[in-house]
Structures are given as structure tokens and as C-alpha cells.
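Dropping work_9.csv in here (CSV, C-alpha atoms):
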```csv
chain,number,residue,atom,x,y,z
A,1,MET,CA,-11.7,-48.0,-4.1
A,2,SER,CA,-11.5,-45.5,-1.4
A,3,THR,CA,-12.4,-46.3,2.2
A,4,SER,CA,-14.7,-43.3,2.5
A,5,ALA,CA,-16.8,-44.7,-0.4
A,6,ALA,CA,-17.2,-48.0,1.5
A,7,THR,CA,-18.7,-46.4,4.6
A,8,GLN,CA,-21.4,-44.5,2.6
A,9,PRO,CA,-24.8,-46.0,2.6
A,10,ILE,CA,-25.2,-47.9,-0.6
A,11,GLY,CA,-28.4,-47.2,-2.4
A,12,ARG,CA,-29.9,-49.1,-5.3
A,13,ILE,CA,-28.5,-46.6,-7.7
A,14,ARG,CA,-25.0,-45.4,-6.9
A,15,PRO,CA,-22.1,-44.0,-8.8
A,16,ALA,CA,-19.9,-46.7,-10.4
A,17,PRO,CA,-17.1,-47.6,-8.0
A,18,THR,CA,-13.6,-47.1,-9.2
A,19,PHE,CA,-12.2,-50.5,-9.7
A,20,PRO,CA,-8.5,-51.0,-9.7
A,21,GLN,CA,-6.7,-51.8,-12.9
A,22,GLU,CA,-7.4,-55.1,-14.5
A,23,GLY,CA,-4.7,-57.5,-13.5
A,24,THR,CA,-4.2,-56.0,-10.1
A,25,GLN,CA,-3.2,-58.6,-7.5
A,26,ILE,CA,-5.2,-58.7,-4.3
A,27,GLN,CA,-2.8,-58.2,-1.4
A,28,GLU,CA,-5.2,-58.5,1.4
A,29,PRO,CA,-8.8,-59.8,1.7
A,30,LEU,CA,-11.1,-57.5,0.0
A,31,ALA,CA,-14.9,-57.2,0.5
A,32,ILE,CA,-17.1,-55.8,-2.2
A,33,PRO,CA,-20.5,-55.1,-0.7
A,34,MET,CA,-23.3,-55.8,-3.0
A,35,SER,CA,-26.2,-55.3,-0.7
A,36,ALA,CA,-27.2,-55.6,3.0
A,37,ARG,CA,-27.6,-59.3,2.4
A,38,ALA,CA,-24.5,-60.4,0.6
A,39,GLY,CA,-21.1,-59.5,-0.6
A,40,ILE,CA,-18.1,-60.9,-2.2
A,41,VAL,CA,-15.1,-61.9,-0.3
A,42,ALA,CA,-12.1,-62.1,-2.5
A,43,THR,CA,-9.4,-64.0,-0.8
A,44,GLY,CA,-7.0,-64.1,-3.6
A,45,GLY,CA,-6.6,-63.9,-7.3
A,46,CYS,CA,-7.0,-61.0,-9.6
A,47,LEU,CA,-9.7,-58.5,-10.3
A,48,ASP,CA,-11.2,-58.2,-13.7
A,49,ALA,CA,-12.3,-54.6,-13.3
A,50,GLY,CA,-15.9,-53.7,-13.9
A,51,HIS,CA,-17.2,-56.9,-15.4
A,52,GLU,CA,-16.6,-60.5,-14.4
A,53,ALA,CA,-16.7,-61.7,-10.9
A,54,VAL,CA,-13.4,-61.7,-9.1
A,55,ILE,CA,-11.4,-64.4,-10.7
A,56,GLY,CA,-9.5,-67.0,-8.6
A,57,LEU,CA,-10.5,-67.6,-5.1
A,58,SER,CA,-13.5,-65.3,-5.2
A,59,SER,CA,-16.6,-66.5,-3.4
A,60,ILE,CA,-20.1,-65.2,-2.6
A,61,ILE,CA,-21.3,-65.2,0.9
A,62,GLU,CA,-24.7,-64.5,2.3
A,63,MET,CA,-24.6,-62.4,5.4
A,64,ASP,CA,-27.7,-62.2,7.5
A,65,ASP,CA,-25.8,-60.0,9.8
A,66,PRO,CA,-23.0,-58.3,8.0
A,67,TRP,CA,-21.6,-56.7,11.2
A,68,SER,CA,-20.9,-60.1,12.7
A,69,TRP,CA,-18.3,-60.9,10.1
A,70,LYS,CA,-16.3,-57.9,10.9
A,71,GLY,CA,-12.6,-58.9,11.0
A,72,ASP,CA,-13.4,-62.6,11.1
A,73,LEU,CA,-12.3,-63.7,7.7
A,74,VAL,CA,-11.6,-67.3,8.7
A,75,GLN,CA,-15.3,-67.7,9.5
A,76,ALA,CA,-16.2,-65.9,6.3
A,77,LYS,CA,-14.2,-68.4,4.3
A,78,ASN,CA,-16.0,-71.3,6.0
A,79,ILE,CA,-19.3,-69.8,5.2
A,80,THR,CA,-18.1,-69.3,1.7
A,81,GLN,CA,-17.3,-72.9,1.3
A,82,ARG,CA,-20.7,-73.9,2.5
A,83,THR,CA,-22.3,-71.5,0.1
A,84,ILE,CA,-20.4,-72.8,-2.8
A,85,LYS,CA,-21.5,-76.3,-1.9
A,86,SER,CA,-25.1,-75.3,-1.8
A,87,PHE,CA,-24.7,-73.8,-5.2
A,88,GLN,CA,-23.4,-77.1,-6.4
A,89,PHE,CA,-26.2,-79.0,-4.9
A,90,GLY,CA,-27.8,-81.2,-7.6
A,91,ARG,CA,-25.0,-80.3,-10.0
A,92,LEU,CA,-26.9,-77.3,-11.2
A,93,GLU,CA,-25.2,-74.8,-13.4
A,94,TRP,CA,-25.9,-71.7,-11.4
A,95,PRO,CA,-24.9,-68.5,-13.1
A,96,LEU,CA,-22.3,-68.0,-10.3
A,97,LYS,CA,-19.4,-67.9,-12.8
A,98,HIS,CA,-21.4,-65.9,-15.3
A,99,ALA,CA,-22.5,-63.2,-12.9
A,100,ARG,CA,-22.1,-59.8,-14.4
A,101,PHE,CA,-21.2,-57.3,-11.8
A,102,GLU,CA,-21.7,-54.4,-14.1
A,103,PHE,CA,-21.2,-51.5,-11.8
A,104,THR,CA,-23.1,-49.0,-13.8
A,105,ASP,CA,-25.6,-46.5,-12.6
A,106,PHE,CA,-28.4,-48.9,-13.5
A,107,ASP,CA,-27.3,-52.5,-13.0
A,108,LEU,CA,-26.1,-53.0,-9.5
A,109,ALA,CA,-27.0,-56.3,-7.9
A,110,PRO,CA,-25.6,-59.4,-9.5
A,111,ALA,CA,-27.8,-62.4,-10.3
A,112,PHE,CA,-26.4,-64.4,-7.4
A,113,ASN,CA,-28.6,-66.2,-5.1
A,114,LYS,CA,-28.1,-69.0,-2.6
A,115,LEU,CA,-30.9,-71.5,-2.7
A,116,ASP,CA,-31.5,-73.4,0.4
A,117,GLU,CA,-31.6,-77.2,0.3
A,118,GLU,CA,-35.3,-77.5,0.1
A,119,THR,CA,-35.6,-75.0,-2.7
A,120,ALA,CA,-32.8,-76.6,-4.6
A,121,GLN,CA,-34.4,-80.0,-4.2
A,122,PHE,CA,-37.7,-78.7,-5.5
A,123,VAL,CA,-36.0,-77.2,-8.5
A,124,VAL,CA,-34.3,-80.5,-9.3
A,125,ASP,CA,-37.4,-82.6,-8.7
A,126,HIS,CA,-39.5,-80.4,-11.0
A,127,ASP,CA,-37.0,-80.0,-13.7
A,128,LEU,CA,-36.7,-76.3,-13.2
A,129,ALA,CA,-32.9,-75.9,-13.2
A,130,THR,CA,-32.7,-74.2,-16.6
A,131,GLY,CA,-35.6,-71.9,-15.9
A,132,VAL,CA,-34.3,-70.9,-12.5
A,133,ALA,CA,-30.8,-70.2,-13.8
A,134,TRP,CA,-32.5,-68.1,-16.5
A,135,LEU,CA,-34.5,-66.3,-13.9
A,136,GLN,CA,-31.4,-65.5,-11.9
A,137,THR,CA,-29.7,-63.9,-14.8
A,138,VAL,CA,-32.6,-61.8,-16.2
A,139,THR,CA,-34.2,-60.6,-12.9
A,140,PRO,CA,-31.8,-57.6,-12.5
A,141,ARG,CA,-32.7,-56.4,-16.0
A,142,PHE,CA,-36.4,-56.4,-15.3
A,143,PHE,CA,-36.2,-54.9,-11.8
A,144,GLY,CA,-33.6,-52.3,-12.1
A,145,GLY,CA,-30.8,-54.3,-10.5
A,146,ALA,CA,-32.8,-54.7,-7.3
A,147,ASP,CA,-31.7,-57.4,-4.9
A,148,PHE,CA,-33.8,-60.5,-4.9
A,149,GLU,CA,-34.0,-64.0,-3.6
A,150,ILE,CA,-35.6,-67.2,-4.8
A,151,ASP,CA,-37.3,-69.2,-2.1
A,152,LEU,CA,-39.8,-72.0,-1.8
A,153,LEU,CA,-43.0,-71.1,0.0
A,154,PRO,CA,-44.9,-73.5,2.2
A,155,ALA,CA,-47.8,-75.3,0.5
A,156,GLU,CA,-51.4,-75.3,1.6
A,157,ASP,CA,-52.6,-78.7,2.7
A,158,GLY,CA,-52.6,-81.0,-0.3
A,159,GLU,CA,-51.4,-78.4,-2.8
A,160,GLY,CA,-48.3,-77.8,-4.7
A,161,ASN,CA,-45.5,-75.5,-3.6
A,162,LEU,CA,-45.0,-71.9,-4.8
A,163,LEU,CA,-41.6,-70.8,-5.9
A,164,ALA,CA,-41.2,-67.2,-4.9
A,165,LEU,CA,-39.1,-64.5,-6.6
A,166,LYS,CA,-38.9,-62.0,-3.9
A,167,VAL,CA,-37.7,-58.6,-5.1
A,168,TYR,CA,-36.3,-56.1,-2.6
A,169,GLY,CA,-37.2,-53.0,-4.5
A,170,ALA,CA,-38.8,-49.6,-4.2
A,171,PHE,CA,-41.3,-49.7,-7.0
A,172,ASN,CA,-44.9,-48.5,-6.6
A,173,SER,CA,-47.3,-51.3,-6.9
A,174,SER,CA,-48.4,-50.3,-10.5
A,175,GLU,CA,-44.9,-50.1,-11.8
A,176,PHE,CA,-44.0,-53.4,-10.1
A,177,ARG,CA,-47.0,-55.1,-11.7
A,178,LYS,CA,-45.9,-53.9,-15.2
A,179,ARG,CA,-42.4,-55.3,-14.6
A,180,ARG,CA,-43.8,-58.6,-13.3
A,181,HIS,CA,-45.9,-58.9,-16.5
A,182,ARG,CA,-42.9,-58.2,-18.7
A,183,ILE,CA,-40.7,-60.8,-17.0
A,184,CYS,CA,-43.6,-63.3,-17.2
A,185,GLU,CA,-44.0,-62.6,-20.9
A,186,GLU,CA,-40.3,-63.2,-21.5
A,187,MET,CA,-40.5,-66.3,-19.3
A,188,LEU,CA,-43.1,-67.7,-21.7
A,189,ALA,CA,-41.3,-66.5,-24.8
A,190,ALA,CA,-38.1,-68.3,-23.5
A,191,LYS,CA,-40.2,-71.5,-23.1
A,192,HIS,CA,-40.0,-71.7,-19.3
A,193,ARG,CA,-43.7,-72.6,-18.9
A,194,GLY,CA,-43.0,-75.0,-16.0
A,195,LEU,CA,-41.4,-72.1,-14.1
A,196,TYR,CA,-44.3,-69.8,-15.1
A,197,GLU,CA,-46.8,-72.2,-13.6
A,198,VAL,CA,-45.2,-72.3,-10.1
A,199,ILE,CA,-43.7,-68.8,-9.8
A,200,SER,CA,-45.0,-66.1,-7.5
A,201,ILE,CA,-43.3,-62.7,-7.9
A,202,PHE,CA,-43.7,-60.1,-5.3
A,203,GLN,CA,-41.9,-57.2,-3.7
A,204,ARG,CA,-40.6,-56.3,-0.3
A,205,ARG,CA,-39.8,-52.6,0.1
A,206,VAL,CA,-36.2,-51.6,0.8
A,207,THR,CA,-35.7,-48.9,3.3
A,208,SER,CA,-35.5,-45.3,2.1
A,209,SER,CA,-31.9,-45.1,3.1
A,210,GLY,CA,-31.0,-48.0,0.9
A,211,TRP,CA,-28.8,-50.9,1.9
A,212,GLN,CA,-26.3,-51.0,4.7
A,213,ALA,CA,-22.6,-50.5,4.0
A,214,PHE,CA,-20.2,-53.0,5.5
A,215,SER,CA,-18.0,-51.5,8.1
A,216,TRP,CA,-15.2,-54.0,7.6
A,217,TYR,CA,-14.7,-53.2,3.9
A,218,SER,CA,-11.0,-52.7,3.2
A,219,SER,CA,-9.5,-51.1,0.2
A,220,LEU,CA,-6.9,-52.8,-1.8
A,221,SER,CA,-3.5,-52.5,-0.4
A,222,ALA,CA,-2.2,-52.3,-3.9
A,223,GLU,CA,-4.0,-49.0,-4.4
B,1,MET,CA,-70.4,-62.9,3.2
B,2,ASP,CA,-68.9,-61.3,0.1
B,3,GLY,CA,-65.2,-62.2,0.1
B,4,LYS,CA,-64.2,-58.8,-1.3
B,5,LEU,CA,-65.1,-57.2,2.0
B,6,PHE,CA,-61.8,-58.6,3.4
B,7,LEU,CA,-60.1,-55.7,1.5
B,8,GLY,CA,-61.7,-53.3,3.9
B,9,THR,CA,-60.5,-55.5,6.8
B,10,ALA,CA,-57.0,-55.3,5.3
B,11,ARG,CA,-57.2,-51.5,5.3
B,12,PHE,CA,-58.4,-51.5,8.8
B,13,LEU,CA,-55.6,-53.7,10.0
B,14,ARG,CA,-52.9,-51.7,8.2
B,15,ASN,CA,-54.2,-48.5,9.8
B,16,SER,CA,-54.8,-50.0,13.2
B,17,GLY,CA,-51.5,-49.0,14.7
B,18,PHE,CA,-50.7,-52.5,15.9
B,19,GLY,CA,-47.5,-52.7,14.0
B,20,GLU,CA,-46.0,-55.6,12.0
B,21,ALA,CA,-48.4,-58.3,13.1
B,22,ALA,CA,-51.2,-56.1,11.8
B,23,TYR,CA,-49.3,-55.4,8.5
B,24,ARG,CA,-48.8,-59.1,8.0
B,25,SER,CA,-52.5,-59.8,8.7
B,26,ALA,CA,-53.4,-57.0,6.2
B,27,VAL,CA,-51.4,-58.7,3.5
B,28,SER,CA,-53.3,-62.0,4.2
B,29,ARG,CA,-56.7,-60.4,4.1
B,30,ALA,CA,-55.9,-58.5,0.9
B,31,TYR,CA,-55.1,-61.8,-0.7
B,32,TYR,CA,-58.2,-63.5,0.5
B,33,ALA,CA,-60.4,-60.7,-0.9
B,34,CYS,CA,-59.1,-61.6,-4.3
B,35,PHE,CA,-58.9,-65.3,-4.0
B,36,LEU,CA,-62.5,-65.7,-2.7
B,37,GLU,CA,-63.9,-63.4,-5.5
B,38,ALA,CA,-61.9,-65.2,-8.2
B,39,ARG,CA,-62.8,-68.6,-6.9
B,40,GLN,CA,-66.5,-67.9,-6.8
B,41,VAL,CA,-66.6,-66.5,-10.3
B,42,ALA,CA,-64.6,-69.4,-11.6
B,43,PHE,CA,-66.9,-71.9,-10.0
B,44,ASP,CA,-70.1,-70.2,-11.0
B,45,ASN,CA,-69.0,-70.0,-14.7
B,46,CYS,CA,-67.3,-73.3,-15.2
B,47,SER,CA,-69.2,-76.0,-17.1
B,48,GLU,CA,-70.8,-78.8,-15.0
B,49,GLU,CA,-68.9,-81.3,-17.1
B,50,ALA,CA,-65.6,-79.8,-16.2
B,51,LEU,CA,-66.5,-79.6,-12.5
B,52,ARG,CA,-67.5,-83.2,-12.5
B,53,LYS,CA,-64.3,-84.3,-14.3
B,54,ALA,CA,-62.2,-82.5,-11.7
B,55,GLY,CA,-64.3,-83.8,-8.8
B,56,ILE,CA,-65.2,-80.2,-7.7
B,57,LYS,CA,-68.5,-80.6,-5.9
B,58,ASN,CA,-68.6,-77.2,-4.3
B,59,VAL,CA,-66.6,-73.9,-4.5
B,60,ARG,CA,-64.5,-74.8,-1.5
B,61,ARG,CA,-62.9,-77.6,-3.5
B,62,ILE,CA,-61.1,-75.0,-5.7
B,63,GLY,CA,-57.6,-74.6,-4.2
B,64,HIS,CA,-55.2,-71.7,-4.2
B,65,GLU,CA,-52.7,-73.0,-6.6
B,66,PRO,CA,-55.1,-74.6,-9.0
B,67,LEU,CA,-57.0,-71.4,-9.3
B,68,GLN,CA,-53.8,-69.6,-10.3
B,69,ARG,CA,-53.1,-72.2,-12.9
B,70,TYR,CA,-56.6,-71.9,-14.4
B,71,LEU,CA,-56.0,-68.2,-15.0
B,72,LYS,CA,-52.4,-68.5,-16.1
B,73,ASN,CA,-53.2,-71.1,-18.7
B,74,SER,CA,-56.0,-69.0,-20.3
B,75,SER,CA,-55.6,-68.2,-23.9
B,76,CYS,CA,-56.5,-64.6,-23.1
B,77,ARG,CA,-53.4,-62.5,-22.0
B,78,ASN,CA,-55.5,-60.3,-19.7
B,79,THR,CA,-56.6,-63.4,-17.8
B,80,GLN,CA,-53.1,-64.7,-17.7
B,81,GLN,CA,-52.0,-61.5,-16.1
B,82,LEU,CA,-54.7,-61.9,-13.5
B,83,GLY,CA,-53.2,-65.3,-12.7
B,84,GLU,CA,-49.7,-63.8,-12.4
B,85,ASN,CA,-51.1,-61.1,-10.0
B,86,LEU,CA,-53.0,-63.6,-8.0
B,87,ALA,CA,-49.9,-65.8,-7.7
B,88,GLY,CA,-47.9,-62.7,-6.5
B,89,LEU,CA,-50.6,-61.9,-3.9
B,90,HIS,CA,-50.6,-65.5,-2.7
B,91,GLY,CA,-46.9,-65.7,-2.4
B,92,ASN,CA,-46.9,-62.4,-0.5
B,93,ARG,CA,-49.5,-63.8,1.8
B,94,GLN,CA,-47.6,-67.1,2.4
B,95,ASP,CA,-44.5,-65.2,3.1
B,96,ALA,CA,-46.3,-62.8,5.5
B,97,ASP,CA,-48.0,-65.6,7.3
B,98,TYR,CA,-45.2,-68.1,7.6
B,99,ASN,CA,-41.8,-66.5,7.2
B,100,MET,CA,-41.0,-64.7,10.4
B,101,THR,CA,-37.4,-63.8,9.4
B,102,GLY,CA,-37.0,-60.3,8.0
B,103,SER,CA,-39.5,-57.6,8.5
B,104,LEU,CA,-42.7,-56.5,6.7
B,105,SER,CA,-43.4,-52.8,6.7
B,106,SER,CA,-46.4,-50.6,6.6
B,107,ASP,CA,-45.4,-49.9,2.9
B,108,ASP,CA,-45.5,-53.6,2.2
B,109,SER,CA,-49.0,-53.9,3.5
B,110,GLN,CA,-50.1,-50.9,1.5
B,111,ASP,CA,-48.6,-52.4,-1.6
B,112,ALA,CA,-50.6,-55.6,-1.0
B,113,ILE,CA,-53.8,-53.6,-0.5
B,114,ASP,CA,-53.1,-51.6,-3.7
B,115,GLU,CA,-52.4,-54.8,-5.6
B,116,ALA,CA,-55.6,-56.4,-4.3
B,117,GLN,CA,-57.6,-53.3,-5.3
B,118,ALA,CA,-56.1,-53.4,-8.8
B,119,PHE,CA,-56.7,-57.1,-9.1
B,120,LEU,CA,-60.4,-56.8,-8.1
B,121,GLU,CA,-60.9,-53.8,-10.5
B,122,ALA,CA,-59.3,-55.7,-13.4
B,123,PHE,CA,-61.1,-58.9,-12.6
B,124,SER,CA,-64.5,-57.1,-12.6
B,125,ARG,CA,-63.8,-56.0,-16.2
B,126,VAL,CA,-63.3,-59.5,-17.5
B,127,ASP,CA,-66.3,-61.4,-18.8
B,128,PRO,CA,-67.0,-64.0,-16.1
B,129,ALA,CA,-67.6,-66.5,-18.9
B,130,LYS,CA,-63.9,-66.2,-19.9
B,131,ILE,CA,-62.9,-67.1,-16.3
B,132,GLY,CA,-65.2,-70.1,-16.4
B,133,ASN,CA,-63.9,-71.2,-19.8
B,134,ALA,CA,-60.3,-70.8,-18.6
B,135,MET,CA,-61.0,-73.2,-15.8
B,136,ALA,CA,-62.9,-75.7,-17.9
B,137,ASP,CA,-60.2,-75.6,-20.6
B,138,HIS,CA,-57.4,-76.3,-18.1
B,139,ILE,CA,-59.4,-79.1,-16.5
B,140,LYS,CA,-60.0,-80.7,-19.9
B,141,LEU,CA,-56.2,-80.6,-20.6
B,142,THR,CA,-55.2,-82.0,-17.2
B,143,HIS,CA,-57.9,-84.5,-16.7
B,144,ALA,CA,-57.9,-86.2,-20.1
```

What would you get if you wrote out this structure as C-alpha cells?
Amino acid sequence: MSTSAATQPIGRIRPAPTFPQEGTQIQEPLAIPMSARAGIVATGGCLDAGHEAVIGLSSIIEMDDPWSWKGDLVQAKNITQRTIKSFQFGRLEWPLKHARFEFTDFDLAPAFNKLDEETAQFVVDHDLATGVAWLQTVTPRFFGGADFEIDLLPAEDGEGNLLALKVYGAFNSSEFRKRRHRICEEMLAAKHRGLYEVISIFQRRVTSSGWQAFSWYSSLSAE
Amino acid sequence: MDGKLFLGTARFLRNSGFGEAAYRSAVSRAYYACFLEARQVAFDNCSEEALRKAGIKNVRRIGHEPLQRYLKNSSCRNTQQLGENLAGLHGNRQDADYNMTGSLSSDDSQDAIDEAQAFLEAFSRVDPAKIGNAMADHIKLTHA
């Protein structure tokens, strides 16, 4: 992938990036920006162009401040390890290894999501692991590949918690409502009633300029 | 006071020029306009027997999350969708009130106001008896 493409603002819809050939070995750490909030740091292994996540030592990191990781890959690796551990919390089968990074004009953001400890514990305690794993994989399909996160919302006194699916999108409220109804219908059809009972789905608007590009993105040296 | 009047407050806050604190407050007021209306209608139209069974002595005993469940568990798809919308508004409000990381924009507050407006319009078209029945049915199932 060219360096110039990496410094362009990345919108929700963008041209498919040109991946290197399948089987290309990664010679230096490669960052594939997915959104302003996360990216993939490949520290080794081999790319499966266009589909599966980077095979081998690929990891997903969540970056609250992408600029702070510029050039500091040792720290990025440490963060990666912690992220992987939180995914493994409760021995849940997150769709981490099944993420489809289909870089088409429509599907952009993968169904990755780091749950914090409290959220993961809630999911385990309420037997929602299967439902939440399902939600992570289908959400991009219903919300046009928009970035999203799953988070536990504080409960009112004496009440149950709400599990939030927070979609970072640009839909008008009517369109978002339709999409929410569709995913809820599918949730019920897929027999995730427990999830349906506790889920709250709402949108936070992304900025008009789309997501931020990472300045420390480096192209493959093999290219 | 009629709880729906809080929607006007939400608009006022959103247009106040006081920035993000006002946007967040607008999201909260928009939600309450919907919650208070739905709660009142549910209470007024639920059977005495069901209210007694659930220990609901007055309208204030109907909580946020239970109200969403009454609607979501209705046999009528329109009422279920109202529950989904109310849950979305509630989550939005919890996030706006308690989650200070990230920002909430003027567009986000407008979205919440639009959502609340749409909720109240759709809610007004549903037979209140259906809302009461949805609540009573759910109480019967959960308080057997």
C-alpha cells in the first residue's frame, strides 16, 4: 500500500486499499488503520490479502490517542498483549480470529471490539457470550461497516444494567431507527432474546471529515 | 406537569449556545420526555391485579429498565419497536450523563431530539390499552 494513501483521511467509505500479494512476508512492522480508535499492528507473519486478519503475530490494539504510538512499537506490542488478554477474559470465543476485513467499498470496519473487564464480566454472568459474539460479527452488516463499541452502561439505583451497542455512524435518525429495528428482528430470529432484553443501540455521529489517518503507518518494505 | 414538555426543554438546551454540557443535558431531557409519557400510560392502563402482583403502588415505582422490558416483550411488533427505541434513548442518556470520555456534538443532541419526537408520535398512535396489556402480560410471566 502506498504511503500517500495512508496519510489521506479515511472515511467510512473508501476505495479498497491495494493489498500486497497473498503470502508476502512482512519485513517491518506494519500498521493497518481501521478507524480513529483502533488499528492492527502486524509484527510478523504473512498477509492474507483482502480477507482474513493478518495471520501469525497479528494483533488488534485500541488506540485512544493514535498519535501517541507513533514510532513506539514496543509499547504498542505491550498494549496488544493486554488487549488479547482482555479478549480471552472468561474464555470467550470472540470473533477475533474470524474477523473479516473485507476492504470493499461497503464493508470497512471489522467486528473487533475490546470489552472492558466489567462488560466482559456482565456478559459472562448473564450468559450472553454467544449473543455478544453474534452481535460483533453482524453489526457491520447492519450499519454499513460503521465503527462501534459494546459497553456496559451504569444502572439506575436498584435496576439492571444496560448493554450498549454504540455505533459511530452518520445516519440520520430515521435511517438509524430502521437499521436498529432490523438488527433487533434478526437478534430475535437468531434466538438471542437475553441480549435483546438488555441491549440499547444508539449512534454517535462521526465527524464529517471521517476518521483520522495514522501518521506512523508504514508501507511494506517488500513492496 | 406533563412529562412531554421536557422535549421543548431539550430543544432549548440544544440551541442555547452553551456547548457540550447543554447538548448532553438535551439528550437527557429528550429521553425523559419519552420515559415519563410511556410510564404514565403504562401505569394508567395496566390492570390492578398486575400492579398489585408487581408491588407497583404508584407510577413512580415503574423503573427505566422494566418499562423497556414491558414494551419489548409485547406480542405486538409496533410496541416492541417502541421498547427498542426507548432503550436506545435511555442508553444514549446514560452515556451522555455519565460517560465523560469522548465528545457529544450538537448533531448528537439533535438526533436524540428527533428520536424522542418520533417516539412520542409513534407512541401516541398506539392504543393505550395495548401498552397496559403489554405491562400486565410481562408481570404475569415474571411474577408467577

ask   = Rounded to one decimal in Å, what is the spacing between CA of Ala38 (chain B) and CA of Ala112 (chain B)?
value =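 Distance reported for this atom pair: 16.5 Å.
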
request  = Name all residues at most 9 Å from Asn92 (chain B) (count all atoms listed in the file; drop same-chain ones fewer than 5 positions away) and give them as an MDAnalysis selection string.
outcome  = (chainID A and resid 164 166 200:204) or (chainID B and resid 27:28 31 87 97 112)

Enumerate, in order of chain and increasing residue number, the residues of chain B with an atom no farther than 6 Å from chain A, each with its shortest atom pair and distance in Å to one decimal, counting all atoms listed in the file, as a Markdown table.
```
| residue | atom | partner | partner_atom | distance |
| --- | --- | --- | --- | --- |
| B:Ala87 | CA | A:Ser200 | CA | 4.9 |
| B:Gly88 | CA | A:Ser200 | CA | 4.6 |
| B:Gly91 | CA | A:Ser200 | CA | 5.5 |
| B:Asp111 | CA | A:Ser173 | CA | 5.6 |
```

request  = Select, counting all atoms listed in the file, all protein, DNA and RNA residues no farther than 6 Å from (-55.6, -56.7, 3.3) in file coordinates, and express the selection as a ChimeraX atom specification.
outcome  = /B:7,10-11,26-30,113

inquiry  = Can you tell me which residues surround region 69-78 of chain B at a distance of at most 7 Å, considering all atoms listed in the file, apart from same-chain residues fewer than 4 positions away, and format the answer as number ranges by chain?
reply    = A: 197; B: 65, 82-84, 134-135, 138

task = Can you work out the spacing between CA of Leu128 (chain A) and CA of Gly194 (chain A) in Å, to one decimal?
result = 7.0 Å

task = Quote the spacing between CA of Tyr168 (chain A) and CA of Thr137 (chain A) in Å to one decimal place.
result =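 Taking CA of Tyr168 (chain A) as the start and CA of Thr137 (chain A) as the end point, the length is 15.9 Å.
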
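Among the candidates B:Asn85, B:Asn58, B:Thr101, B:Gln80, the one nearest to Gln117 (chain B) when counting only C-alpha atoms is B:Asn85.
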
Surrounding residues of Glu49 (chain B) excluding itself and chain neighbours under 2 positions, 12 Å, only C-alpha atoms, as number ranges by chain = B: 43, 45-47, 51-57, 132-133, 135-137, 139-140, 143
